[in-house]
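Asker: What follows is the file protein_19.csv, containing CSV, C-alpha atoms and all ligand atoms:
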```
chain,number,residue,atom,x,y,z
A,218,MET,CA,-6.7,-21.7,-41.0
A,219,LEU,CA,-5.5,-19.0,-38.6
A,220,LYS,CA,-6.1,-16.1,-41.1
A,221,GLY,CA,-8.6,-13.6,-39.6
A,222,LYS,CA,-8.1,-15.0,-36.1
A,223,THR,CA,-6.7,-13.0,-33.1
A,224,ALA,CA,-3.3,-13.4,-31.5
A,225,VAL,CA,-1.9,-11.9,-28.3
A,226,VAL,CA,1.8,-11.4,-28.2
A,227,THR,CA,3.5,-10.2,-24.9
A,228,GLY,CA,6.6,-8.1,-25.3
A,229,GLY,CA,5.5,-7.6,-28.9
A,230,GLY,CA,6.9,-4.0,-29.2
A,231,ARG,CA,10.5,-4.9,-29.9
A,232,GLY,CA,13.0,-7.7,-30.3
A,233,ILE,CA,11.8,-11.3,-30.9
A,234,GLY,CA,8.2,-10.2,-30.0
A,235,ALA,CA,8.1,-7.6,-32.8
A,236,ALA,CA,9.3,-10.2,-35.3
A,237,ILE,CA,6.6,-12.5,-34.1
A,238,VAL,CA,4.0,-9.8,-34.5
A,239,ARG,CA,5.1,-9.0,-38.0
A,240,LYS,CA,5.0,-12.7,-39.0
A,241,LEU,CA,1.5,-13.2,-37.6
A,242,ALA,CA,0.2,-10.0,-39.3
A,243,GLU,CA,1.8,-11.0,-42.6
A,244,GLU,CA,-0.1,-14.3,-42.2
A,245,GLY,CA,-3.4,-12.3,-41.8
A,246,LEU,CA,-3.9,-12.6,-38.0
A,247,ASN,CA,-5.2,-9.7,-36.0
A,248,VAL,CA,-2.7,-8.8,-33.2
A,249,ALA,CA,-2.9,-7.5,-29.7
A,250,ILE,CA,0.6,-6.2,-28.8
A,251,ILE,CA,1.3,-6.2,-25.1
A,252,TYR,CA,4.1,-3.9,-24.0
A,253,ALA,CA,5.5,-2.7,-20.6
A,254,GLY,CA,7.6,0.4,-21.4
A,255,SER,CA,7.9,0.6,-25.2
A,256,ARG,CA,4.7,2.4,-26.0
A,257,GLU,CA,6.0,4.3,-29.1
A,258,ALA,CA,7.5,1.1,-30.6
A,259,ALA,CA,4.3,-0.8,-30.0
A,260,GLU,CA,2.0,1.9,-31.4
A,261,SER,CA,4.2,2.3,-34.5
A,262,LEU,CA,4.3,-1.5,-35.1
A,263,CYS,CA,0.4,-1.4,-34.9
A,264,ASP,CA,0.4,1.2,-37.7
A,265,GLU,CA,2.9,-0.8,-39.7
A,266,CYS,CA,0.7,-4.0,-39.4
A,267,ARG,CA,-2.5,-2.2,-40.4
A,268,ASP,CA,-0.9,-0.4,-43.3
A,269,ALA,CA,1.2,-3.3,-44.7
A,270,PHE,CA,-1.1,-6.2,-44.0
A,271,GLY,CA,-4.6,-4.7,-43.5
A,272,VAL,CA,-5.1,-6.5,-40.1
A,273,ASP,CA,-6.5,-5.1,-36.9
A,274,ALA,CA,-3.6,-4.3,-34.6
A,275,ARG,CA,-3.9,-2.7,-31.1
A,276,ALA,CA,-1.3,-2.0,-28.4
A,277,TYR,CA,-2.0,-2.5,-24.6
A,278,ARG,CA,0.2,-1.6,-21.7
A,279,CYS,CA,0.4,-4.3,-19.1
A,280,ASP,CA,3.0,-5.7,-16.7
A,281,VAL,CA,2.6,-9.4,-17.2
A,282,SER,CA,3.9,-10.1,-13.7
A,283,ASP,CA,0.8,-8.4,-12.2
A,284,PHE,CA,-2.1,-11.0,-11.8
A,285,GLN,CA,-4.9,-8.4,-11.6
A,286,ALA,CA,-3.5,-6.3,-14.4
A,287,VAL,CA,-3.4,-9.4,-16.7
A,288,LYS,CA,-7.0,-10.1,-15.7
A,289,ASP,CA,-8.1,-6.6,-16.7
A,290,LEU,CA,-6.0,-6.8,-19.9
A,291,CYS,CA,-7.8,-10.0,-20.8
A,292,ALA,CA,-11.2,-8.4,-20.4
A,293,GLU,CA,-10.1,-5.4,-22.5
A,294,VAL,CA,-8.7,-7.5,-25.3
A,295,LYS,CA,-11.9,-9.7,-25.3
A,296,LYS,CA,-14.0,-6.5,-25.6
A,297,ASP,CA,-12.0,-5.2,-28.5
A,298,PHE,CA,-11.4,-8.4,-30.5
A,299,GLY,CA,-14.3,-10.6,-29.4
A,300,SER,CA,-12.1,-13.6,-29.0
A,301,VAL,CA,-8.5,-14.8,-28.7
A,302,HIS,CA,-7.2,-17.8,-30.6
A,303,CYS,CA,-3.4,-17.6,-30.2
A,304,LEU,CA,-1.3,-16.5,-27.3
A,305,VAL,CA,2.5,-16.0,-27.5
A,306,ASN,CA,4.2,-15.5,-24.1
A,307,ASN,CA,7.4,-13.8,-25.2
A,308,ALA,CA,8.0,-11.1,-22.5
A,309,GLY,CA,11.1,-11.7,-20.6
A,310,ILE,CA,14.0,-10.1,-18.7
A,311,THR,CA,17.5,-11.0,-17.5
A,312,ARG,CA,19.2,-9.9,-14.2
A,313,ASP,CA,22.4,-11.9,-14.4
A,314,GLY,CA,24.8,-12.6,-11.5
A,315,LEU,CA,26.5,-15.5,-9.8
A,316,ILE,CA,24.5,-17.2,-7.1
A,317,PRO,CA,26.6,-16.1,-4.1
A,318,VAL,CA,26.1,-12.4,-5.0
A,319,MET,CA,22.7,-12.4,-6.7
A,320,LYS,CA,20.3,-9.9,-5.1
A,321,GLU,CA,17.0,-11.3,-3.9
A,322,SER,CA,15.2,-8.6,-5.9
A,323,ASP,CA,16.9,-9.7,-9.1
A,324,PHE,CA,15.9,-13.3,-8.5
A,325,ASP,CA,12.3,-12.3,-7.8
A,326,ALA,CA,12.0,-9.9,-10.7
A,327,VAL,CA,13.1,-12.5,-13.2
A,328,ILE,CA,10.9,-15.3,-11.8
A,329,ASP,CA,7.9,-12.9,-11.6
A,330,THR,CA,8.2,-11.6,-15.2
A,331,ASN,CA,9.3,-14.8,-17.0
A,332,LEU,CA,7.5,-17.6,-15.1
A,333,LYS,CA,4.7,-16.0,-13.2
A,334,GLY,CA,4.0,-13.7,-16.2
A,335,THR,CA,3.6,-16.7,-18.4
A,336,PHE,CA,1.3,-18.3,-15.9
A,337,ASN,CA,-0.8,-15.2,-15.4
A,338,MET,CA,-1.4,-14.9,-19.2
A,339,ILE,CA,-2.3,-18.6,-19.6
A,340,ARG,CA,-4.4,-18.5,-16.4
A,341,HIS,CA,-6.6,-15.6,-17.7
A,342,PHE,CA,-6.6,-16.1,-21.5
A,343,SER,CA,-7.2,-19.9,-21.5
A,344,GLY,CA,-10.7,-19.2,-20.3
A,345,ILE,CA,-11.5,-17.4,-23.6
A,346,MET,CA,-9.9,-20.2,-25.6
A,347,MET,CA,-11.8,-22.9,-23.6
A,348,ARG,CA,-15.1,-21.2,-24.3
A,349,GLY,CA,-14.2,-21.2,-28.1
A,350,ARG,CA,-12.9,-24.8,-27.8
A,351,PHE,CA,-9.8,-23.7,-29.7
A,352,GLY,CA,-6.4,-22.3,-28.7
A,353,ARG,CA,-2.8,-22.2,-29.6
A,354,ILE,CA,-0.3,-21.2,-27.0
A,355,VAL,CA,3.5,-20.8,-27.6
A,356,ASN,CA,5.8,-19.9,-24.7
A,357,VAL,CA,9.3,-18.5,-25.3
A,358,SER,CA,11.7,-20.4,-23.1
A,359,SER,CA,15.5,-20.5,-23.6
A,360,VAL,CA,18.2,-23.1,-23.9
A,361,SER,CA,19.3,-21.8,-20.5
A,362,GLY,CA,16.2,-23.5,-19.2
A,363,ILE,CA,17.4,-26.8,-20.6
A,364,THR,CA,21.1,-26.8,-19.9
A,365,GLY,CA,21.5,-24.2,-17.1
A,366,ASN,CA,23.9,-21.3,-17.5
A,367,PRO,CA,26.5,-19.9,-15.1
A,368,GLY,CA,25.4,-16.4,-14.0
A,369,GLN,CA,21.8,-17.0,-14.8
A,370,ALA,CA,20.4,-19.0,-11.9
A,371,ASN,CA,17.2,-16.8,-11.9
A,372,TYR,CA,16.8,-16.8,-15.6
A,373,SER,CA,17.5,-20.5,-16.1
A,374,ALA,CA,15.2,-21.5,-13.3
A,375,SER,CA,12.4,-19.3,-14.8
A,376,LYS,CA,12.8,-20.7,-18.3
A,377,ALA,CA,13.0,-24.3,-17.0
A,378,GLY,CA,9.7,-23.5,-15.1
A,379,VAL,CA,8.2,-22.2,-18.4
A,380,ILE,CA,9.0,-25.6,-19.9
A,381,ALA,CA,7.3,-27.5,-17.1
A,382,LEU,CA,4.4,-25.1,-17.2
A,383,THR,CA,4.1,-25.7,-21.0
A,384,LYS,CA,3.9,-29.4,-20.5
A,385,THR,CA,1.3,-29.2,-17.7
A,386,ALA,CA,-0.8,-26.7,-19.7
A,387,ALA,CA,-0.6,-29.0,-22.7
A,388,LYS,CA,-2.0,-31.9,-20.6
A,389,GLU,CA,-4.7,-29.9,-18.9
A,390,LEU,CA,-6.0,-28.0,-21.9
A,391,ALA,CA,-5.8,-30.6,-24.7
A,392,ALA,CA,-9.3,-31.8,-24.1
A,393,LYS,CA,-10.5,-28.3,-24.8
A,394,GLY,CA,-8.9,-28.1,-28.2
A,395,ILE,CA,-5.9,-26.0,-26.9
A,396,THR,CA,-2.3,-26.9,-27.7
A,397,CYS,CA,0.7,-25.5,-25.7
A,398,ASN,CA,4.3,-25.6,-26.9
A,399,ALA,CA,7.5,-23.8,-26.2
A,400,VAL,CA,10.4,-22.5,-28.3
A,401,ALA,CA,13.9,-22.5,-26.7
A,402,PRO,CA,16.1,-20.0,-28.5
A,403,GLY,CA,19.9,-19.9,-28.1
A,404,PHE,CA,21.5,-16.5,-28.7
A,405,VAL,CA,19.4,-14.1,-30.7
A,406,GLU,CA,20.4,-10.6,-32.1
A,407,THR,CA,18.3,-8.3,-29.9
A,408,ASP,CA,18.7,-5.7,-27.1
A,409,MET,CA,18.9,-8.6,-24.6
A,410,THR,CA,22.2,-9.8,-26.1
A,411,ALA,CA,23.6,-6.4,-27.2
A,412,GLY,CA,25.7,-6.2,-24.0
A,413,LEU,CA,27.6,-9.4,-25.0
A,414,GLU,CA,29.5,-7.7,-27.9
A,415,SER,CA,32.9,-8.1,-26.2
A,416,LYS,CA,32.3,-11.9,-25.7
A,417,LYS,CA,30.6,-12.5,-29.0
A,418,GLU,CA,33.5,-14.3,-30.8
A,419,GLN,CA,33.9,-16.7,-27.9
A,420,LEU,CA,30.2,-17.4,-27.7
A,421,ILE,CA,29.9,-18.0,-31.4
A,422,SER,CA,32.7,-20.5,-31.2
A,423,ALA,CA,30.4,-22.7,-29.1
A,424,ILE,CA,27.5,-22.5,-31.6
A,425,PRO,CA,27.8,-25.3,-34.2
A,426,LEU,CA,26.1,-23.2,-36.9
A,427,GLY,CA,28.5,-20.4,-36.1
A,428,ARG,CA,26.3,-17.4,-35.6
A,429,PHE,CA,23.5,-15.8,-33.5
A,430,ALA,CA,19.9,-16.2,-34.7
A,431,ALA,CA,17.9,-13.4,-36.3
A,432,PRO,CA,14.6,-12.6,-34.4
A,433,GLU,CA,12.7,-13.7,-37.6
A,434,GLU,CA,14.1,-17.2,-37.2
A,435,ILE,CA,12.5,-17.5,-33.8
A,436,ALA,CA,9.3,-16.0,-35.2
A,437,ASP,CA,9.2,-18.7,-37.9
A,438,ALA,CA,9.4,-21.5,-35.3
A,439,VAL,CA,6.6,-19.8,-33.3
A,440,TRP,CA,4.5,-19.7,-36.4
A,441,PHE,CA,5.2,-23.4,-37.1
A,442,LEU,CA,4.0,-24.3,-33.6
A,443,LEU,CA,0.9,-22.1,-33.8
A,444,ARG,CA,-0.3,-23.6,-37.0
A,445,SER,CA,0.5,-27.2,-36.0
A,446,GLU,CA,-2.6,-29.2,-35.1
A,447,TYR,CA,-1.0,-32.4,-33.6
A,448,ILE,CA,2.0,-31.1,-31.7
A,449,THR,CA,1.5,-30.2,-28.0
A,450,GLY,CA,3.8,-30.2,-25.0
A,451,GLU,CA,6.8,-29.9,-27.3
A,452,VAL,CA,10.0,-27.8,-26.7
A,453,LEU,CA,11.5,-26.7,-30.0
A,454,ARG,CA,15.2,-25.6,-29.7
A,455,VAL,CA,16.1,-22.9,-32.2
A,456,ASP,CA,19.7,-22.5,-31.1
A,457,GLY,CA,22.1,-23.2,-34.0
A,458,GLY,CA,22.9,-26.5,-32.2
A,459,ILE,CA,24.4,-25.0,-29.0
A,460,ALA,CA,22.4,-27.3,-26.7
A,461,ILE,CA,22.9,-30.6,-28.7
A,501,LIG,P1,14.3,-7.8,-25.4
A,501,LIG,O1,14.7,-7.2,-26.7
A,501,LIG,O2,15.0,-7.4,-24.2
A,501,LIG,O3,12.7,-7.6,-25.2
A,501,LIG,C1,12.0,-8.0,-24.0
A,501,LIG,C2,10.6,-7.8,-24.2
A,501,LIG,O4,9.9,-8.2,-23.0
A,501,LIG,C3,10.2,-6.3,-24.4
A,501,LIG,O5,9.2,-6.2,-25.5
A,501,LIG,C4,9.6,-5.9,-23.1
A,501,LIG,O6,8.6,-4.9,-23.2
A,501,LIG,C5,9.0,-7.2,-22.6
A,501,LIG,N1,8.8,-7.2,-21.2
A,501,LIG,C6,9.8,-7.2,-20.2
A,501,LIG,N2,9.2,-7.2,-19.0
A,501,LIG,C7,7.9,-7.1,-19.2
A,501,LIG,C8,6.8,-7.1,-18.3
A,501,LIG,N3,6.9,-7.1,-17.0
A,501,LIG,N4,5.5,-7.0,-18.8
A,501,LIG,C9,5.3,-7.0,-20.2
A,501,LIG,N5,6.4,-7.1,-21.0
A,501,LIG,C10,7.6,-7.1,-20.6
A,501,LIG,O7,14.4,-9.4,-25.4
A,501,LIG,P2,14.3,-10.4,-26.6
A,501,LIG,O8,15.6,-10.9,-26.9
A,501,LIG,O9,13.4,-10.0,-27.7
A,501,LIG,O10,13.6,-11.6,-25.8
A,501,LIG,C11,12.2,-12.1,-25.9
A,501,LIG,C12,12.1,-13.4,-25.2
A,501,LIG,O11,13.0,-14.3,-25.8
A,501,LIG,C13,12.4,-13.3,-23.7
A,501,LIG,O12,11.4,-14.2,-23.1
A,501,LIG,C14,13.8,-13.9,-23.6
A,501,LIG,O13,14.0,-14.5,-22.4
A,501,LIG,C15,13.7,-14.9,-24.7
A,501,LIG,N6,15.1,-15.3,-25.2
A,501,LIG,C16,15.9,-14.4,-25.8
A,501,LIG,C17,17.2,-14.8,-26.2
A,501,LIG,C18,18.1,-13.8,-26.9
A,501,LIG,O14,19.3,-14.2,-27.1
A,501,LIG,N7,17.7,-12.6,-27.2
A,501,LIG,C19,17.5,-16.1,-26.1
A,501,LIG,C20,16.7,-17.0,-25.5
A,501,LIG,C21,15.4,-16.6,-25.1
A,501,LIG,P3,8.9,-3.3,-23.2
A,501,LIG,O15,10.0,-3.0,-24.2
A,501,LIG,O16,7.6,-2.7,-23.5
A,501,LIG,O17,9.3,-3.0,-21.8
```
Can you present the structure in this file as structure tokens?
Answerer:
Amino acid sequence: MLKGKTAVVTGGGRGIGAAIVRKLAEEGLNVAIIYAGSREAAESLCDECRDAFGVDARAYRCDVSDFQAVKDLCAEVKKDFGSVHCLVNNAGITRDGLIPVMKESDFDAVIDTNLKGTFNMIRHFSGIMMRGRFGRIVNVSSVSGITGNPGQANYSASKAGVIALTKTAAKELAAKGITCNAVAPGFVETDMTAGLESKKEQLISAIPLGRFAAPEEIADAVWFLLRSEYITGEVLRVDGGIAI
């Protein structure tokens, strides 16, 4: 049903986002990859999607935290692809620190990218979806947004905000044929968790399934929500049981 349709994936150049892009291209969707700094990775993933799956794939540079830049991005993607049917808000950052010493700039950067960035994308791209009376939005939250996590006041708050935003968008947009859901990963093997190597054994001991996730396992959950017709406002944990 989504074959031949167009998906926009933020942070699609690497990590979980790249796995999502590959999955969607494999399923026959055209993809717009949004990157901030990873131009080469995004361009080479476009080539890979075109060559391996014969879909249209294009890369766009955009800082999702910038309202006007996202507005311009939306116009450009619409011009290139004609319409947008699926939106995956995956771009995210961490700037960890305990509350008493957390810098204001680190709090703001994480909220601006993770929460406001997700809002900016839904704010601008939902218009295209409403006009087509069809849309599938999946936001990448985190178990940190469900349970809280010491050292991640900014990140946990941003990801909890993404969950509330998901539920609100689901209620507002349902009548226009648009669903909005979230995935909440636990620990996933990407650059974001690469710095945790020294603590990995201890972290794994708290995960009932005893390992970190592969990015492809998050991509599978995103794909499940994108192709679901009767699920909206849902938060799907993909965390090996860490937040049970
Ligand atoms: P990652 O490898 O660090 O990649 C982060 C991605 O976000 C990159 O593609 C980056 O683009 C993009 N990005 C960052 N700031 C951006 C901005 N201002 N505008 C546009 N794009 C921006 O992280 P990841 O592990 O794949 O994480 C992907 C998502 O999953 C994030 O939302 C993260 O919070 C969430 N998550 C991850 C884990 C985990 O354990 N890894 C767990 C739970 C949730 P560039 O490379 O182009 O700068």
Asker: For region 252-264 of chain A, please output as number ranges by chain all residues within 7 Å (counting all atoms listed in the file; exclusion window: fewer than 5 positions along the same chain).
Answerer: A: 227-231, 274-280
Asker: Restricting the calculation to only C-alpha atoms: of A:Asp283, A:Glu433, A:Glu389, A:Asp313, which residue gets closest to Met409 (chain A)?
Answerer: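 That would be A:Asp313, the residue with the smallest distance to Met409 (chain A).
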Asker: Using only C-alpha atoms, determine which residues lie at most 10 Å from Met319 (chain A), disregarding the query and same-chain residues fewer than 4 positions distant; provide the list as a ChimeraX atom specification.
Answerer: /A:312-315,323-324,368-371
Asker: With all atoms listed in the file counted, which protein, DNA or RNA residues have an atom no more than 12 Å from (-11.9, -8.9, -26.4) in the file frame? Please answer as an MDAnalysis selection string.
Answerer: chainID A and resid 223:225 247:249 275 277 288:302 342 345:346
Asker: For Thr449 (chain A), which residue among A:Asn366, A:Ser375, A:Thr407, A:Asn356 is the nearest when counting only C-alpha atoms?
Answerer: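 Under the stated criterion, the closest residue is A:Asn356.
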Asker: Kindly extract all protein, DNA and RNA residues lying within 12 Å of the coordinates (17.5, -12.1, -33.4) given in the file, considering all atoms listed in the file, and supply them as a PyMOL selection string.
Answerer: chain A and resi 231-237+402-411+428-437+455-456
Asker: Which of these, A:Ser359, A:Ser373, A:Gln285, A:Thr396, has the shortest distance to ligand LIG 501 (chain A) once you count only C-alpha atoms and all ligand atoms?
Answerer: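 Of A:Ser359, A:Ser373, A:Gln285, A:Thr396, the one nearest ligand LIG 501 (chain A) is A:Ser359, counting only C-alpha atoms and all ligand atoms.
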Asker: Which value, in Å to one decimal, gives the distance between CA of Gly378 (chain A) and CA of Leu332 (chain A)?
Answerer: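 Separating CA of Gly378 (chain A) from CA of Leu332 (chain A) is a distance of 6.3 Å.
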Asker: Nearest to Ile339 (chain A) among A:Leu241, A:Leu304, A:Cys266, A:Ala392, with distances taken over all atoms listed in the file: which residue is it?
Answerer: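 Ranking A:Leu241, A:Leu304, A:Cys266, A:Ala392 by distance to Ile339 (chain A), first place goes to A:Leu304.
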Asker: Leaving out Phe284 (chain A) and any residue of its chain fewer than 5 positions from it, which residues lie within 9 Å of it when counting only C-alpha atoms, given as a CSV table (one decimal) with C-alpha atoms, in the coordinates of the input?
Answerer:
```csv
chain,number,residue,atom,x,y,z
A,289,ASP,CA,-8.1,-6.6,-16.7
A,333,LYS,CA,4.7,-16.0,-13.2
A,334,GLY,CA,4.0,-13.7,-16.2
A,337,ASN,CA,-0.8,-15.2,-15.4
A,338,MET,CA,-1.4,-14.9,-19.2
A,341,HIS,CA,-6.6,-15.6,-17.7
```
Asker: Quick one: of A:Gly349, A:Pro367, A:Gly457, A:Gly344, who's nearest to ligand LIG 501 (chain A), counting only C-alpha atoms and all ligand atoms?
Answerer: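 Of A:Gly349, A:Pro367, A:Gly457, A:Gly344, the one nearest ligand LIG 501 (chain A) is A:Gly457, counting only C-alpha atoms and all ligand atoms.
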Asker: CA of Asn306 (chain A) and CA of Gly221 (chain A), how far apart in Å?
Answerer: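 Separation between CA of Gly221 (chain A) and CA of Asn306 (chain A): 20.2 Å.
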Asker: In Å, rounded to a single decimal, give me how far atom O10 of ligand LIG 501 (chain A) is from CA of Lys384 (chain A).
Answerer: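 The value is 21.0 Å.
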Asker: Mind completing region 436-457 of chain A with N, CA and C atoms? Output as a PDB file, in the coordinates of the input, please?
Answerer:
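That gives us part-v6.pdb:
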```pdb
ATOM      1  N   ALA A 436      10.672 -16.268 -34.826  1.00  0.00           N
ATOM      2  CA  ALA A 436       9.300 -16.000 -35.200  1.00  0.00           C
ATOM      3  C   ALA A 436       8.777 -17.159 -36.142  1.00  0.00           C
ATOM      4  N   ASP A 437       9.635 -17.638 -37.041  1.00  0.00           N
ATOM      5  CA  ASP A 437       9.200 -18.700 -37.900  1.00  0.00           C
ATOM      6  C   ASP A 437       8.905 -20.000 -37.143  1.00  0.00           C
ATOM      7  N   ALA A 438       9.688 -20.271 -36.101  1.00  0.00           N
ATOM      8  CA  ALA A 438       9.400 -21.500 -35.300  1.00  0.00           C
ATOM      9  C   ALA A 438       8.139 -21.315 -34.491  1.00  0.00           C
ATOM     10  N   VAL A 439       7.896 -20.107 -33.997  1.00  0.00           N
ATOM     11  CA  VAL A 439       6.600 -19.800 -33.300  1.00  0.00           C
ATOM     12  C   VAL A 439       5.449 -20.057 -34.206  1.00  0.00           C
ATOM     13  N   TRP A 440       5.589 -19.540 -35.415  1.00  0.00           N
ATOM     14  CA  TRP A 440       4.500 -19.700 -36.400  1.00  0.00           C
ATOM     15  C   TRP A 440       4.260 -21.160 -36.729  1.00  0.00           C
ATOM     16  N   PHE A 441       5.334 -21.918 -36.865  1.00  0.00           N
ATOM     17  CA  PHE A 441       5.200 -23.400 -37.100  1.00  0.00           C
ATOM     18  C   PHE A 441       4.380 -24.035 -36.023  1.00  0.00           C
ATOM     19  N   LEU A 442       4.700 -23.715 -34.768  1.00  0.00           N
ATOM     20  CA  LEU A 442       4.000 -24.300 -33.600  1.00  0.00           C
ATOM     21  C   LEU A 442       2.532 -23.846 -33.562  1.00  0.00           C
ATOM     22  N   LEU A 443       2.313 -22.582 -33.890  1.00  0.00           N
ATOM     23  CA  LEU A 443       0.900 -22.100 -33.800  1.00  0.00           C
ATOM     24  C   LEU A 443       0.037 -22.724 -34.855  1.00  0.00           C
ATOM     25  N   ARG A 444       0.593 -23.056 -36.009  1.00  0.00           N
ATOM     26  CA  ARG A 444      -0.300 -23.600 -37.000  1.00  0.00           C
ATOM     27  C   ARG A 444      -0.301 -25.156 -37.011  1.00  0.00           C
ATOM     28  N   SER A 445       0.496 -25.749 -36.123  1.00  0.00           N
ATOM     29  CA  SER A 445       0.500 -27.200 -36.000  1.00  0.00           C
ATOM     30  C   SER A 445      -0.730 -27.683 -35.246  1.00  0.00           C
ATOM     31  N   GLU A 446      -1.341 -28.745 -35.738  1.00  0.00           N
ATOM     32  CA  GLU A 446      -2.600 -29.200 -35.100  1.00  0.00           C
ATOM     33  C   GLU A 446      -2.327 -30.387 -34.158  1.00  0.00           C
ATOM     34  N   TYR A 447      -1.215 -31.124 -34.378  1.00  0.00           N
ATOM     35  CA  TYR A 447      -1.000 -32.400 -33.600  1.00  0.00           C
ATOM     36  C   TYR A 447       0.259 -32.356 -32.804  1.00  0.00           C
ATOM     37  N   ILE A 448       0.769 -31.170 -32.508  1.00  0.00           N
ATOM     38  CA  ILE A 448       2.000 -31.100 -31.700  1.00  0.00           C
ATOM     39  C   ILE A 448       1.555 -30.336 -30.391  1.00  0.00           C
ATOM     40  N   THR A 449       1.759 -30.950 -29.251  1.00  0.00           N
ATOM     41  CA  THR A 449       1.500 -30.200 -28.000  1.00  0.00           C
ATOM     42  C   THR A 449       2.491 -30.724 -26.922  1.00  0.00           C
ATOM     43  N   GLY A 450       2.864 -29.830 -26.017  1.00  0.00           N
ATOM     44  CA  GLY A 450       3.800 -30.200 -25.000  1.00  0.00           C
ATOM     45  C   GLY A 450       5.243 -30.275 -25.453  1.00  0.00           C
ATOM     46  N   GLU A 451       5.500 -29.780 -26.653  1.00  0.00           N
ATOM     47  CA  GLU A 451       6.800 -29.900 -27.300  1.00  0.00           C
ATOM     48  C   GLU A 451       7.689 -28.687 -26.950  1.00  0.00           C
ATOM     49  N   VAL A 452       9.009 -28.911 -26.899  1.00  0.00           N
ATOM     50  CA  VAL A 452      10.000 -27.800 -26.700  1.00  0.00           C
ATOM     51  C   VAL A 452      10.880 -27.819 -27.947  1.00  0.00           C
ATOM     52  N   LEU A 453      10.782 -26.789 -28.758  1.00  0.00           N
ATOM     53  CA  LEU A 453      11.500 -26.700 -30.000  1.00  0.00           C
ATOM     54  C   LEU A 453      12.761 -25.828 -29.816  1.00  0.00           C
ATOM     55  N   ARG A 454      13.952 -26.430 -29.822  1.00  0.00           N
ATOM     56  CA  ARG A 454      15.200 -25.600 -29.700  1.00  0.00           C
ATOM     57  C   ARG A 454      15.417 -24.923 -31.052  1.00  0.00           C
ATOM     58  N   VAL A 455      15.732 -23.628 -30.982  1.00  0.00           N
ATOM     59  CA  VAL A 455      16.100 -22.900 -32.200  1.00  0.00           C
ATOM     60  C   VAL A 455      17.399 -22.172 -31.810  1.00  0.00           C
ATOM     61  N   ASP A 456      18.495 -22.923 -31.844  1.00  0.00           N
ATOM     62  CA  ASP A 456      19.700 -22.500 -31.100  1.00  0.00           C
ATOM     63  C   ASP A 456      20.993 -22.715 -31.902  1.00  0.00           C
ATOM     64  N   GLY A 457      20.902 -22.994 -33.189  1.00  0.00           N
ATOM     65  CA  GLY A 457      22.100 -23.200 -34.000  1.00  0.00           C
ATOM     66  C   GLY A 457      22.917 -24.422 -33.481  1.00  0.00           C
TER      67      GLY A 457
END
```
